[in-house]
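Each remark here refers to the structure printed beneath this line.
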Amino acid sequence: MVDDEAMSDVIDLLIVGGGINGAGIAADASGRGLSVLLCEQGDLAGATSSASSKLIHGGLRYLEHWHFRLVHEALVEREILLRKAPHLIQPQRFILPHRPHLRPRWLIRIGLFLYDHLAKRGQLPASKGLPLLANENNPLKNKLKYGFQYFDCKVDDARLVVANALQAQQQGARILTRTACQSAIRQDGLWHVELEDSDTGQCQKHRAKVLINATGPWAQSFIEKQLQQQSPQNIRLVKGSHFIVKGLYSGDQAYLLQNDDDRIVFVIPFCDDFTLVGTTDTEYSGDPAAVKMDKEEESYLLQAVNECFAQQVNSNDILWRYAGVRPLCDDDSARASDISRDYILELGLGDDGSAPLLSVFGGKITTYRKLAETALEQLKPFLPQMGPNSTAQAPLVGGDIAGDSEGAYDQWLHTQAHHYPWLPRTLLTRLGRAYGSQLGEVLADATAMSDMGPCFGADLYRREVEYLLAKEWARSSEDILWRRSKLGLYFKQAEVEQLEVFIRKLTQGGLDS
Ligand SMILES: Cc1cc2nc3c(=O)[nH]c(=O)nc-3n(C[C@H](O)[C@H](O)[C@H](O)COP(=O)(O)OP(=O)(O)OC[C@H]3O[C@@H](n4cnc5c(N)ncnc54)[C@H](O)[C@@H]3O)c2cc1C
């Protein structure tokens, strides 16, 4: 069934893919006054953009590969993003234990010096060396006597995508989730695009001046299958897995462990009660949607932790595993971990020089904003009416929290505690981090806990679920428990089922979205 009504308007930009890059381009383009439609075949951030190590970082390791451009750009972006979304992105202190047989001290010092100085730092302190004293605050094995401290940032990756989609929508973009792009052809100087509702199979057709391929791990196959063209780049899919265990140690510091194979493994505090461990680099050739952590990766990460931490962990301690595939541009590196994490934007034109196709290959969450800005600059000749970029200054939805000084977020939260004295502190802390200044939208007219409705499990109440279904494109318990939040870590199976029943009832009853 085809909806001919939708044929009437020509869109400036049709974006395929609702990961961080698609959502970031939608936010930038709509802010410049362009008409935008974004389609995502599943949920927003349903693929790579919710499976990252959740860091906004320059990538200390990339210095060893001489990727100075990428590290510089990422460090600049780290500062910008920290200001744009202080609720979703926070400074994270790292300790890098020194293992003399792997890298000499002087080499690490040079690396950290460059890391401190490749871009201007605002809130984040400089790195330093420090002895690792044997006391109750040090969870590492006694053999590790010396370390280095440096700062990066951690991010709620999936919520960063949603915040960009909300930003785009507020600026007039249409966001269609569970909607796959089935085909697109150039005709009469425009893209004729067919979209299909992933649940109902219903089709709709659109015409667009520009098509953006932001399909991440599908970037090459999208060009070959949906567009029936030859891809200008070969993508190498490199799987990375993580696991979560109950908090391995107290304290808010993260660790960067050096491994005997020259790789590094992150150990990061996660959602107050847990520790996140990752990641791996394994060549992958299957369906990106079916990627899973395998036994070898699990043993590899367990071994990395057990090598350095006094407390030992095993398979039974693992509470959650997740995996994703990095869509990297093939640069002929022999080892998967050596392939550049930089992005390439490929611009292709029709025979008459019109109907541009811009494809995103590679990239980091950290560099999504800059990637979007660069993409739109490249498209300026085709969309001369576009306004200037403002994403470097404007806060993201939820991020307009007064001031960008250290402690501004805590002050803001303190004010909210006065405003909502009835909200338990732990719930306020979680909601503040998730929604930032959108908190009032979530709570709406609630003036007491009894207004929040029944609790489904952990501290998830009906009011928040209704908000997520109505305003944030959530459609399933998985969307809510594993991407809009990480409450899945606390939920029992029976509670998940109850939530599902509620979602079914509410969505069948009809909700505005
Ligand atoms: C293990 C791992 C750890 C990482 N850690 C970090 C980190 O700590 N920091 C960092 O900055 N970066 C990190 N990255 C990199 C970062 O996660 C990715 O570069 C980024 O998420 C890619 O985003 P994307 O939007 O290009 O792709 P995706 O997030 O995969 O989005 C592409 C979307 O396109 C959709 N799609 C595909 N085909 C179609 C179609 N035909 N129609 C409609 N929709 C379609 C997919 O469903 C998908 O949601 C990590 C990556 C991995 C794998």
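Identifiers in the structure tokens: chain A, B, ... in order shown; residue index from 1 per chain; ligand index from 1 in order shown.
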Set out as a tab-separated table a contact list for range 207-282 of chain A and range 366-376 of chain A with a cut-off of 12 Å, giving each residue of range 207-282 of chain A that qualifies its closest atom pair and distance in Å to one decimal, counting only C-alpha atoms, ordered by chain and rising residue number.
```
residue	atom	partner	partner_atom	distance
A:Val210	CA	A:Leu376	CA	10.7
A:Leu211	CA	A:Ala375	CA	11.6
A:Ile212	CA	A:Ala375	CA	9.3
A:Asn213	CA	A:Ala375	CA	11.2
A:Ala214	CA	A:Ala372	CA	10.4
```
I need the residues from that last selection saved to file as a PDB file, in the first residue's frame (with N, CA and C atoms), if you can.
```pdb
ATOM      1  N   VAL A 210      18.423  15.783  -1.067  1.00  0.00           N
ATOM      2  CA  VAL A 210      19.683  15.144  -0.654  1.00  0.00           C
ATOM      3  C   VAL A 210      19.355  13.890   0.155  1.00  0.00           C
ATOM      4  N   LEU A 211      20.135  12.840  -0.079  1.00  0.00           N
ATOM      5  CA  LEU A 211      19.975  11.617   0.714  1.00  0.00           C
ATOM      6  C   LEU A 211      21.224  11.433   1.565  1.00  0.00           C
ATOM      7  N   ILE A 212      21.019  11.186   2.861  1.00  0.00           N
ATOM      8  CA  ILE A 212      22.158  10.935   3.756  1.00  0.00           C
ATOM      9  C   ILE A 212      22.132   9.468   4.156  1.00  0.00           C
ATOM     10  N   ASN A 213      23.249   8.815   3.937  1.00  0.00           N
ATOM     11  CA  ASN A 213      23.399   7.418   4.350  1.00  0.00           C
ATOM     12  C   ASN A 213      24.173   7.411   5.665  1.00  0.00           C
ATOM     13  N   ALA A 214      23.404   7.334   6.770  1.00  0.00           N
ATOM     14  CA  ALA A 214      24.036   7.311   8.106  1.00  0.00           C
ATOM     15  C   ALA A 214      23.707   5.973   8.758  1.00  0.00           C
TER      16      ALA A 214
END
```
#### Entry: Long-range neighbours of Ile95 in chain A as JSON, numbers by chain, 7 Å cut-off, only C-alpha atoms, 4 positions minimum in chain
{"A": [147, 148, 149, 150, 253, 254, 255, 256]}
### Task
Identify, on the basis of only C-alpha atoms, every residue whose closest approach to Asp272 in chain A does not exceed 12 Å; exclude the query and any residue fewer than 3 positions from it along the same chain; express the result as a PyMOL selection string.
chain A and resi 244-253+268-269+275-276+426+429-430+486-487+489-490
Selected residues written out with C-alpha atoms, as a PDB file, in the first residue's frame:
```pdb
ATOM      1  CA  ILE A 244      28.766  -5.303  33.449  1.00  0.00           C
ATOM      2  CA  VAL A 245      29.448  -6.707  36.905  1.00  0.00           C
ATOM      3  CA  LYS A 246      28.392  -5.573  40.373  1.00  0.00           C
ATOM      4  CA  GLY A 247      30.626  -2.680  41.502  1.00  0.00           C
ATOM      5  CA  LEU A 248      34.185  -4.019  41.585  1.00  0.00           C
ATOM      6  CA  TYR A 249      35.409  -1.246  43.872  1.00  0.00           C
ATOM      7  CA  SER A 250      34.302   1.896  45.672  1.00  0.00           C
ATOM      8  CA  GLY A 251      35.269   5.324  44.379  1.00  0.00           C
ATOM      9  CA  ASP A 252      34.341   7.122  41.178  1.00  0.00           C
ATOM     10  CA  GLN A 253      37.624   6.593  39.319  1.00  0.00           C
ATOM     11  CA  ILE A 268      34.467   2.240  34.402  1.00  0.00           C
ATOM     12  CA  PRO A 269      31.945   2.886  37.203  1.00  0.00           C
ATOM     13  CA  THR A 275      31.315  -1.644  36.817  1.00  0.00           C
ATOM     14  CA  LEU A 276      31.578  -1.699  33.028  1.00  0.00           C
ATOM     15  CA  THR A 426      17.871   8.778  44.255  1.00  0.00           C
ATOM     16  CA  THR A 429      19.395  12.056  40.709  1.00  0.00           C
ATOM     17  CA  ARG A 430      18.528   9.485  38.043  1.00  0.00           C
ATOM     18  CA  LYS A 486      19.537   1.135  32.113  1.00  0.00           C
ATOM     19  CA  LEU A 487      16.871   0.069  34.589  1.00  0.00           C
ATOM     20  CA  LEU A 489      19.879  -4.058  35.289  1.00  0.00           C
ATOM     21  CA  TYR A 490      17.457  -3.923  38.227  1.00  0.00           C
TER      22      TYR A 490
END
```
### Task
Please run DSSP on the backbone and report, as a ChimeraX atom specification, all residues within range 91-330 of chain A that come out as strand (DSSP E).
/A:91-97,128-131,146-155,174-176,179-187,190-197,203-213,235-246,254-258,264-270,274-278,282-283,318-329
So that each row is one residue of range 354-379 of chain A with an atom at most 12 Å from range 174-192 of chain A, can you give its shortest atom pair and the distance in Å to one decimal, using only C-alpha atoms, rows by chain and rising number, as JSON lines?
```
{"residue": "A:Ser354", "atom": "CA", "partner": "A:Gly189", "partner_atom": "CA", "distance": 5.4}
{"residue": "A:Ala355", "atom": "CA", "partner": "A:Leu190", "partner_atom": "CA", "distance": 5.1}
{"residue": "A:Pro356", "atom": "CA", "partner": "A:Trp191", "partner_atom": "CA", "distance": 8.5}
{"residue": "A:Leu357", "atom": "CA", "partner": "A:Trp191", "partner_atom": "CA", "distance": 8.9}
```
Residues at most 9 Å from Lys84 in chain A, counting only C-alpha atoms, excluding those fewer than 3 positions away in the same chain, as a JSON list (two decimals) with C-alpha atoms, in the first residue's frame?
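Output file selection03.json follows:
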```json
[["chain", "number", "residue", "atom", "x", "y", "z"],
["A", 79, "GLU", "CA", 34.91, 20.42, 25.68],
["A", 80, "ILE", "CA", 32.01, 21.46, 23.44],
["A", 81, "LEU", "CA", 29.86, 18.44, 24.29],
["A", 87, "HIS", "CA", 23.38, 16.12, 32.23],
["A", 89, "ILE", "CA", 28.20, 13.92, 29.82],
["A", 391, "THR", "CA", 25.55, 23.48, 17.34],
["A", 392, "ALA", "CA", 28.87, 24.40, 18.94],
["A", 393, "GLN", "CA", 27.17, 26.97, 21.19],
["A", 394, "ALA", "CA", 23.55, 25.86, 21.56],
["A", 395, "PRO", "CA", 22.76, 23.42, 24.37],
["A", 396, "LEU", "CA", 21.13, 20.15, 23.47],
["A", 397, "VAL", "CA", 17.58, 19.46, 24.60],
["A", 399, "GLY", "CA", 21.25, 20.67, 28.49],
["A", 400, "ASP", "CA", 20.28, 24.29, 29.14],
["A", 404, "ASP", "CA", 29.24, 25.74, 32.28]]
```
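With only C-alpha atoms and all ligand atoms as the atoms that count, the minimum distance from ligand 1 to the choices A:Gly129, A:Gly440, A:Gly19, A:Pro421 is reached by A:Gly19.
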### Task
Once DSSP has gone over the backbone, tell me which residues of range 59-285 of chain A are in alpha helix (DSSP H), as a count of residues only.
47
